[in-house]
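Printed here is upload.cif (mmCIF, C-alpha atoms):
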data_coords
#
loop_
_atom_site.label_atom_id
_atom_site.label_comp_id
_atom_site.auth_asym_id
_atom_site.auth_seq_id
_atom_site.Cartn_x
_atom_site.Cartn_y
_atom_site.Cartn_z
CA MET A 1 16.40 11.97 -9.29
CA ASP A 2 14.83 13.53 -12.36
CA PRO A 3 13.48 16.96 -11.31
CA ALA A 4 10.47 16.14 -13.51
CA TYR A 5 9.39 13.95 -10.58
CA LEU A 6 9.83 16.65 -7.92
CA VAL A 7 8.00 19.58 -9.48
CA PRO A 8 4.62 17.74 -9.53
CA PHE A 9 4.83 17.19 -5.75
CA ILE A 10 5.73 20.84 -5.11
CA THR A 11 2.86 22.07 -7.27
CA SER A 12 0.46 19.54 -5.78
CA VAL A 13 1.18 20.28 -2.11
CA GLN A 14 0.72 23.99 -2.82
CA ASN A 15 -2.57 23.36 -4.68
CA VAL A 16 -3.98 21.00 -2.04
CA PHE A 17 -3.03 23.19 0.92
CA SER A 18 -4.32 26.39 -0.70
CA THR A 19 -7.65 24.91 -1.86
CA MET A 20 -8.40 22.61 1.10
CA LEU A 21 -6.81 24.57 3.96
CA GLN A 22 -6.48 28.12 2.57
CA LEU A 23 -2.84 27.79 3.61
CA GLN A 24 0.13 29.06 1.58
CA VAL A 25 3.12 26.70 1.36
CA THR A 26 6.63 28.10 0.93
CA ILE A 27 9.06 25.56 -0.52
CA GLY A 28 12.64 25.36 0.79
CA GLU A 29 15.71 23.90 -0.92
CA PRO A 30 15.25 20.16 -1.64
CA THR A 31 18.04 17.98 -0.22
CA ILE A 32 19.10 14.36 -0.55
CA LYS A 33 18.09 12.45 2.59
CA GLY A 34 20.87 10.79 4.57
CA ASP A 35 20.36 8.26 7.32
CA PRO A 36 17.04 8.56 9.12
CA VAL A 37 16.86 11.03 11.97
CA SER A 38 14.06 10.72 14.53
CA SER A 39 12.29 14.01 14.26
CA VAL A 40 8.65 13.67 13.24
CA ASP A 41 5.54 12.74 15.18
CA ILE A 42 3.09 11.84 12.43
CA SER A 43 3.70 10.59 8.88
CA GLY A 44 1.44 9.67 5.98
CA ILE A 45 3.03 7.14 3.61
CA ILE A 46 1.94 6.18 0.09
CA GLY A 47 3.54 3.61 -2.18
CA MET A 48 3.65 4.02 -5.97
CA SER A 49 3.90 1.17 -8.44
CA GLY A 50 3.60 0.74 -12.20
CA ASP A 51 5.79 2.79 -14.58
CA VAL A 52 7.13 4.60 -11.50
CA THR A 53 8.07 2.76 -8.28
CA GLY A 54 8.72 4.10 -4.81
CA THR A 55 7.37 5.82 -1.75
CA VAL A 56 6.19 9.29 -0.81
CA VAL A 57 5.98 10.43 2.81
CA LEU A 58 4.34 13.58 4.22
CA SER A 59 5.73 14.18 7.75
CA PHE A 60 4.75 16.63 10.48
CA PRO A 61 5.77 17.60 13.99
CA GLY A 62 2.73 17.05 16.28
CA PRO A 63 1.65 20.70 16.76
CA THR A 64 1.82 21.40 13.00
CA ALA A 65 -0.26 18.30 12.25
CA GLU A 66 -2.86 19.34 14.83
CA ALA A 67 -3.14 22.82 13.32
CA VAL A 68 -3.39 21.45 9.76
CA VAL A 69 -6.03 18.83 10.68
CA GLY A 70 -7.94 21.56 12.55
CA LEU A 71 -8.12 23.58 9.31
CA LEU A 72 -9.09 20.53 7.23
CA THR A 73 -11.85 19.24 9.51
CA GLY A 74 -12.95 22.45 11.23
CA THR A 75 -12.56 20.67 14.58
CA LYS A 76 -9.74 20.73 17.10
CA MET A 77 -8.70 17.11 17.72
CA PRO A 78 -5.68 15.56 19.43
CA LEU A 79 -3.15 13.30 17.68
CA ASP A 80 -4.69 10.18 19.23
CA HIS A 81 -8.24 10.93 18.06
CA PRO A 82 -9.55 8.06 15.87
CA ASP A 83 -10.24 10.47 12.96
CA PHE A 84 -6.86 12.19 13.11
CA ALA A 85 -4.94 9.58 11.13
CA ASP A 86 -7.70 9.49 8.51
CA ALA A 87 -7.33 13.23 7.94
CA ILE A 88 -3.55 12.91 7.48
CA GLY A 89 -4.08 9.92 5.16
CA GLU A 90 -6.53 11.94 3.08
CA LEU A 91 -4.03 14.82 2.77
CA VAL A 92 -1.15 12.61 1.56
CA ASN A 93 -3.58 10.89 -0.80
CA MET A 94 -4.62 14.20 -2.35
CA VAL A 95 -1.01 15.40 -2.66
CA CYS A 96 0.14 12.16 -4.36
CA GLY A 97 -2.95 11.89 -6.54
CA GLY A 98 -2.44 15.47 -7.74
CA ALA A 99 1.28 14.91 -8.39
CA LYS A 100 0.68 11.66 -10.28
CA GLY A 101 -1.59 13.46 -12.73
CA GLN A 102 1.24 15.85 -13.59
CA PHE A 103 3.93 13.28 -14.43
CA SER A 104 5.12 13.94 -17.99
CA GLY A 105 4.23 11.40 -20.68
CA LYS A 106 1.49 8.83 -20.36
CA LYS A 107 2.79 7.17 -17.19
CA LYS A 108 0.67 4.40 -15.74
CA VAL A 109 1.09 4.69 -11.99
CA SER A 110 -1.10 3.30 -9.25
CA ILE A 111 -0.91 4.56 -5.69
CA SER A 112 -1.49 2.41 -2.61
CA CYS A 113 -3.82 3.25 0.28
CA PRO A 114 -2.11 5.63 2.70
CA SER A 115 -0.55 4.27 5.90
CA VAL A 116 -0.36 6.71 8.80
CA VAL A 117 2.27 6.38 11.52
CA VAL A 118 1.67 8.03 14.90
CA GLY A 119 4.58 8.05 17.36
CA LYS A 120 6.74 10.64 19.07
CA GLN A 121 9.96 11.20 17.13
CA HIS A 122 9.84 8.26 14.79
CA ALA A 123 11.88 7.99 11.59
CA ILE A 124 10.99 6.52 8.22
CA ALA A 125 14.06 4.73 6.90
CA ARG A 126 14.90 5.33 3.28
CA GLN A 127 15.62 2.51 0.87
CA LYS A 128 19.26 2.44 -0.13
CA ASP A 129 18.69 1.71 -3.81
CA ILE A 130 16.33 4.64 -4.47
CA PRO A 131 17.55 8.19 -3.78
CA CYS A 132 15.25 10.07 -1.45
CA VAL A 133 14.74 13.81 -1.84
CA VAL A 134 13.39 15.83 1.08
CA ILE A 135 11.34 18.91 0.20
CA PRO A 136 11.00 21.21 3.23
CA CYS A 137 7.73 23.17 3.38
CA SER A 138 6.87 26.17 5.56
CA THR A 139 3.35 27.28 6.42
CA ASP A 140 1.70 29.58 8.95
CA CYS A 141 0.83 26.38 10.88
CA GLY A 142 4.51 25.36 11.10
CA ASP A 143 6.94 23.32 9.02
CA LEU A 144 6.38 19.95 7.36
CA MET A 145 8.26 17.92 4.80
CA ILE A 146 7.64 15.74 1.77
CA GLU A 147 10.03 12.87 1.12
CA VAL A 148 9.98 11.61 -2.45
CA ALA A 149 11.83 8.34 -3.15
CA ILE A 150 10.69 7.22 -6.58
CA ARG A 151 12.27 6.10 -9.83
CA GLU A 152 11.13 4.75 -13.18
CA SER A 153 10.59 1.02 -12.93
CA PRO A 154 13.58 -0.81 -14.48
CA VAL A 155 11.53 -2.74 -17.01
CA HIS A 156 9.76 0.41 -18.18
CA ALA A 157 13.04 2.32 -18.43
CA GLU A 158 14.43 -0.44 -20.69
CA VAL A 159 11.38 -0.34 -22.93
CA ALA A 160 11.63 3.46 -23.15
CA ALA A 161 15.33 3.25 -24.07
CA ALA A 162 14.60 0.64 -26.77
CA ALA A 163 11.81 2.81 -28.15
CA ALA A 164 14.13 5.83 -28.25
CA GLN A 165 16.74 3.82 -30.21
CA ALA A 166 14.24 2.48 -32.75
CA MET B 167 -12.17 -10.20 5.23
CA ASP B 168 -12.13 -13.30 3.05
CA PRO B 169 -9.95 -15.91 4.86
CA ALA B 170 -8.56 -16.71 1.42
CA TYR B 171 -6.49 -13.54 1.89
CA LEU B 172 -5.19 -14.47 5.36
CA VAL B 173 -3.95 -18.01 4.81
CA PRO B 174 -1.33 -16.95 2.22
CA PHE B 175 0.25 -14.57 4.74
CA ILE B 176 0.31 -17.22 7.46
CA THR B 177 1.91 -19.77 5.13
CA SER B 178 4.34 -17.20 3.78
CA VAL B 179 5.61 -15.91 7.13
CA GLN B 180 6.19 -19.50 8.25
CA ASN B 181 8.02 -20.34 5.00
CA VAL B 182 10.19 -17.21 5.02
CA PHE B 183 11.12 -17.50 8.71
CA SER B 184 11.89 -21.21 8.51
CA THR B 185 14.00 -20.99 5.33
CA MET B 186 15.76 -17.66 5.94
CA LEU B 187 16.06 -17.70 9.74
CA GLN B 188 15.59 -21.36 10.67
CA LEU B 189 12.91 -20.06 13.03
CA GLN B 190 9.55 -21.73 13.65
CA VAL B 191 6.54 -19.40 13.77
CA THR B 192 3.48 -20.32 15.87
CA ILE B 193 0.34 -18.51 14.74
CA GLY B 194 -2.13 -17.19 17.33
CA GLU B 195 -5.82 -16.37 16.89
CA PRO B 196 -6.30 -13.59 14.28
CA THR B 197 -8.32 -10.61 15.57
CA ILE B 198 -9.91 -7.52 14.04
CA LYS B 199 -7.78 -4.47 14.83
CA GLY B 200 -9.43 -1.68 16.79
CA ASP B 201 -8.01 1.79 17.25
CA PRO B 202 -4.24 1.97 17.06
CA VAL B 203 -2.32 1.24 20.24
CA SER B 204 1.29 2.39 20.58
CA SER B 205 3.14 -0.81 21.17
CA VAL B 206 5.72 -1.55 18.50
CA ASP B 207 9.22 -0.22 17.89
CA ILE B 208 9.85 -1.18 14.29
CA SER B 209 7.43 -1.80 11.42
CA GLY B 210 7.83 -2.76 7.78
CA ILE B 211 4.94 -1.57 5.59
CA ILE B 212 4.04 -2.66 2.06
CA GLY B 213 1.18 -1.36 -0.09
CA MET B 214 -0.70 -3.58 -2.54
CA SER B 215 -2.51 -2.34 -5.62
CA GLY B 216 -4.15 -3.88 -8.67
CA ASP B 217 -6.89 -6.51 -8.29
CA VAL B 218 -6.30 -6.32 -4.52
CA THR B 219 -5.81 -3.03 -2.66
CA GLY B 220 -4.48 -2.37 0.81
CA THR B 221 -1.60 -2.51 3.19
CA VAL B 222 0.37 -5.17 5.02
CA VAL B 223 2.48 -4.38 8.09
CA LEU B 224 5.01 -6.59 9.88
CA SER B 225 5.64 -5.15 13.37
CA PHE B 226 8.17 -6.02 16.07
CA PRO B 227 9.14 -4.94 19.57
CA GLY B 228 12.79 -3.76 19.46
CA PRO B 229 14.46 -6.81 21.10
CA THR B 230 12.58 -9.25 18.82
CA ALA B 231 13.57 -7.26 15.74
CA GLU B 232 17.23 -7.24 16.84
CA ALA B 233 17.22 -11.01 17.35
CA VAL B 234 15.52 -11.66 13.99
CA VAL B 235 17.86 -9.33 12.06
CA GLY B 236 20.81 -11.01 13.82
CA LEU B 237 19.65 -14.38 12.44
CA LEU B 238 19.07 -12.93 8.95
CA THR B 239 22.36 -11.09 8.59
CA GLY B 240 24.59 -13.14 10.90
CA THR B 241 25.62 -9.89 12.61
CA LYS B 242 24.43 -8.30 15.80
CA MET B 243 23.35 -4.75 14.97
CA PRO B 244 21.37 -2.14 16.89
CA LEU B 245 18.02 -0.70 15.75
CA ASP B 246 19.65 2.52 14.53
CA HIS B 247 22.26 0.81 12.33
CA PRO B 248 21.88 1.98 8.69
CA ASP B 249 21.42 -1.63 7.47
CA PHE B 250 18.83 -2.56 10.10
CA ALA B 251 15.83 -1.04 8.31
CA ASP B 252 16.92 -2.66 5.04
CA ALA B 253 16.86 -6.08 6.67
CA ILE B 254 13.32 -5.51 8.02
CA GLY B 255 12.23 -4.17 4.60
CA GLU B 256 13.61 -7.29 2.94
CA LEU B 257 11.71 -9.54 5.38
CA VAL B 258 8.33 -7.85 4.81
CA ASN B 259 9.03 -7.89 1.07
CA MET B 260 9.65 -11.65 1.11
CA VAL B 261 6.54 -12.32 3.23
CA CYS B 262 4.26 -10.23 0.96
CA GLY B 263 5.82 -11.51 -2.26
CA GLY B 264 5.32 -15.10 -1.08
CA ALA B 265 1.71 -14.42 -0.02
CA LYS B 266 0.84 -12.66 -3.28
CA GLY B 267 1.87 -15.74 -5.26
CA GLN B 268 -0.65 -17.82 -3.29
CA PHE B 269 -3.76 -15.67 -3.87
CA SER B 270 -6.41 -17.84 -5.49
CA GLY B 271 -7.33 -17.11 -9.11
CA LYS B 272 -5.18 -15.17 -11.51
CA LYS B 273 -4.99 -11.99 -9.44
CA LYS B 274 -2.83 -9.19 -10.81
CA VAL B 275 -1.32 -7.52 -7.77
CA SER B 276 1.71 -5.27 -7.56
CA ILE B 277 3.44 -4.55 -4.28
CA SER B 278 5.15 -1.26 -3.43
CA CYS B 279 8.68 -0.87 -2.08
CA PRO B 280 8.72 -1.45 1.68
CA SER B 281 8.75 1.53 4.06
CA VAL B 282 10.33 0.90 7.45
CA VAL B 283 9.34 2.92 10.52
CA VAL B 284 11.75 3.11 13.47
CA GLY B 285 10.46 4.72 16.66
CA LYS B 286 9.78 3.67 20.22
CA GLN B 287 6.14 2.69 20.69
CA HIS B 288 4.69 4.03 17.48
CA ALA B 289 1.35 2.94 16.04
CA ILE B 290 0.25 2.39 12.46
CA ALA B 291 -3.29 3.68 12.13
CA ARG B 292 -5.70 1.48 10.24
CA GLN B 293 -7.89 2.81 7.44
CA LYS B 294 -11.54 2.90 8.47
CA ASP B 295 -12.93 1.60 5.18
CA ILE B 296 -10.80 -1.57 5.02
CA PRO B 297 -11.02 -4.10 7.88
CA CYS B 298 -7.64 -4.87 9.37
CA VAL B 299 -6.86 -8.33 10.70
CA VAL B 300 -4.00 -8.79 13.15
CA ILE B 301 -2.22 -12.16 13.04
CA PRO B 302 -0.12 -12.67 16.21
CA CYS B 303 3.04 -14.72 15.70
CA SER B 304 5.27 -16.31 18.35
CA THR B 305 8.88 -17.35 17.80
CA ASP B 306 11.86 -18.27 19.97
CA CYS B 307 13.11 -14.70 19.32
CA GLY B 308 9.90 -13.21 20.75
CA ASP B 309 6.49 -12.14 19.44
CA LEU B 310 5.71 -10.19 16.31
CA MET B 311 2.55 -9.44 14.36
CA ILE B 312 1.29 -9.18 10.81
CA GLU B 313 -1.50 -6.73 10.08
CA VAL B 314 -3.36 -7.42 6.86
CA ALA B 315 -5.75 -4.72 5.63
CA ILE B 316 -6.60 -5.62 2.06
CA ARG B 317 -9.71 -6.04 -0.07
CA GLU B 318 -10.55 -6.72 -3.69
CA SER B 319 -10.48 -3.47 -5.63
CA PRO B 320 -14.06 -2.19 -6.16
CA VAL B 321 -13.85 -2.12 -9.94
CA HIS B 322 -12.53 -5.68 -10.05
CA ALA B 323 -15.20 -6.87 -7.61
CA GLU B 324 -17.90 -5.36 -9.90
CA VAL B 325 -16.45 -7.09 -12.95
CA ALA B 326 -16.31 -10.38 -11.05
CA ALA B 327 -19.94 -9.97 -9.89
CA ALA B 328 -21.05 -9.21 -13.47
CA ALA B 329 -19.14 -12.24 -14.75
CA ALA B 330 -20.78 -14.43 -12.10
CA GLN B 331 -24.26 -13.23 -13.14
CA ALA B 332 -23.63 -13.72 -16.88
#
How does this structure look as structure tokens?
Amino acid sequence: MDPAYLVPFITSVQNVFSTMLQLQVTIGEPTIKGDPVSSVDISGIIGMSGDVTGTVVLSFPGPTAEAVVGLLTGTKMPLDHPDFADAIGELVNMVCGGAKGQFSGKKKVSISCPSVVVGKQHAIARQKDIPCVVIPCSTDCGDLMIEVAIRESPVHAEVAAAAAQA
Amino acid sequence: MDPAYLVPFITSVQNVFSTMLQLQVTIGEPTIKGDPVSSVDISGIIGMSGDVTGTVVLSFPGPTAEAVVGLLTGTKMPLDHPDFADAIGELVNMVCGGAKGQFSGKKKVSISCPSVVVGKQHAIARQKDIPCVVIPCSTDCGDLMIEVAIRESPVHAEVAAAAAQA
């Protein structure tokens, strides 16, 4: 995957967490995701379409998610609280919205509403035809990860190549 | 939610299951989804954006999903097989693609890549600002459900209202 699509997510998660949660995020070494491993308890998922197609997932172990949502809302609430998923959805929305604005060139990208999955040790399967890069993040509230599986849409890539040749 | 957005999904799931799986789908009474209840083992999620915004989820208990994927691929494979999630993603993609083509009017809607969640008894939280309708489906392989949480995008609704007034 073009690193030009990873840096915006790294910058955005750091911006969002420092402004909204006053929480510093340390970024680990990004890796290519293999087969799904059940290891997260809550995930916020956003789809991207337009010039760039794919999916972005922000995943947390339960205790980390509870600490992060506590900072965001100022209230301690359990994973099964009706507002908990909304808070996680809002976070992944802010991270993706911020990243989208930093894509190089005048990319037209629309992002879907966030879906939030709650379930002990679930896994989000990756799509085989789009490489998925996992960006590990450490914070004082615990570890989380961002999975970025996006690529330029085939039709747009062709147009760009034709434009470059002309 | 406008029933005009539910009928296409009902028709599409019946079409896809009868042509691809030779499986009849009986539709139950659609209901408005309340707070999430942990009750499904595998879910395929697709986001919609453009003139219509929202999320569509196709959810299965494990044994139903295994039977359905067996019919689709002609092979018996367990939930954690690397190709299992792809098969579920392909199903939700076909159902949403088929439904999208049946929306009334010349709606421009793009659908995201499917995300597939694997995890015992997970829940997909609904977004509070978009009503979510659950369509229960019965088949000889067991029960499944389609959750449709979509609405016309605000800007497009405004334009349509202005056009209606003019």
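Take the candidates B:Glu318, B:Asp246, B:Asp306, B:Glu313 and check each one against chain A using all atoms listed in the file; the shortest distance goes to B:Asp246.
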Q: Just need the residues of chain A within 9 Å of chain B, counting only C-alpha atoms, so spit them out as an MDAnalysis selection string.
A: chainID A and resid 35:36 38 45:50 53:55 80 82:83 85:86 89 110:128
Q) If the PyMOL selection byres ((chain B and resi 167) around 9) is run on the structure shown, which residues does it catch, given as a ChimeraX atom specification? A) /B:168-172,296-299,315-317
Q) Separation of atom CA of Leu21 of chain A and atom CA of Asp295 of chain B, in Å? A) 23.8 Å
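Residues in contact range of Thr230 of chain B, defined as at most 8 Å between only C-alpha atoms, with sequence neighbours fewer than 5 positions away removed, read Cys307, Gly308, Asp309 and Leu310 of chain B.
Separating atom CA of Lys100 of chain A from atom CA of Pro8 of chain A is a distance of 7.3 Å.
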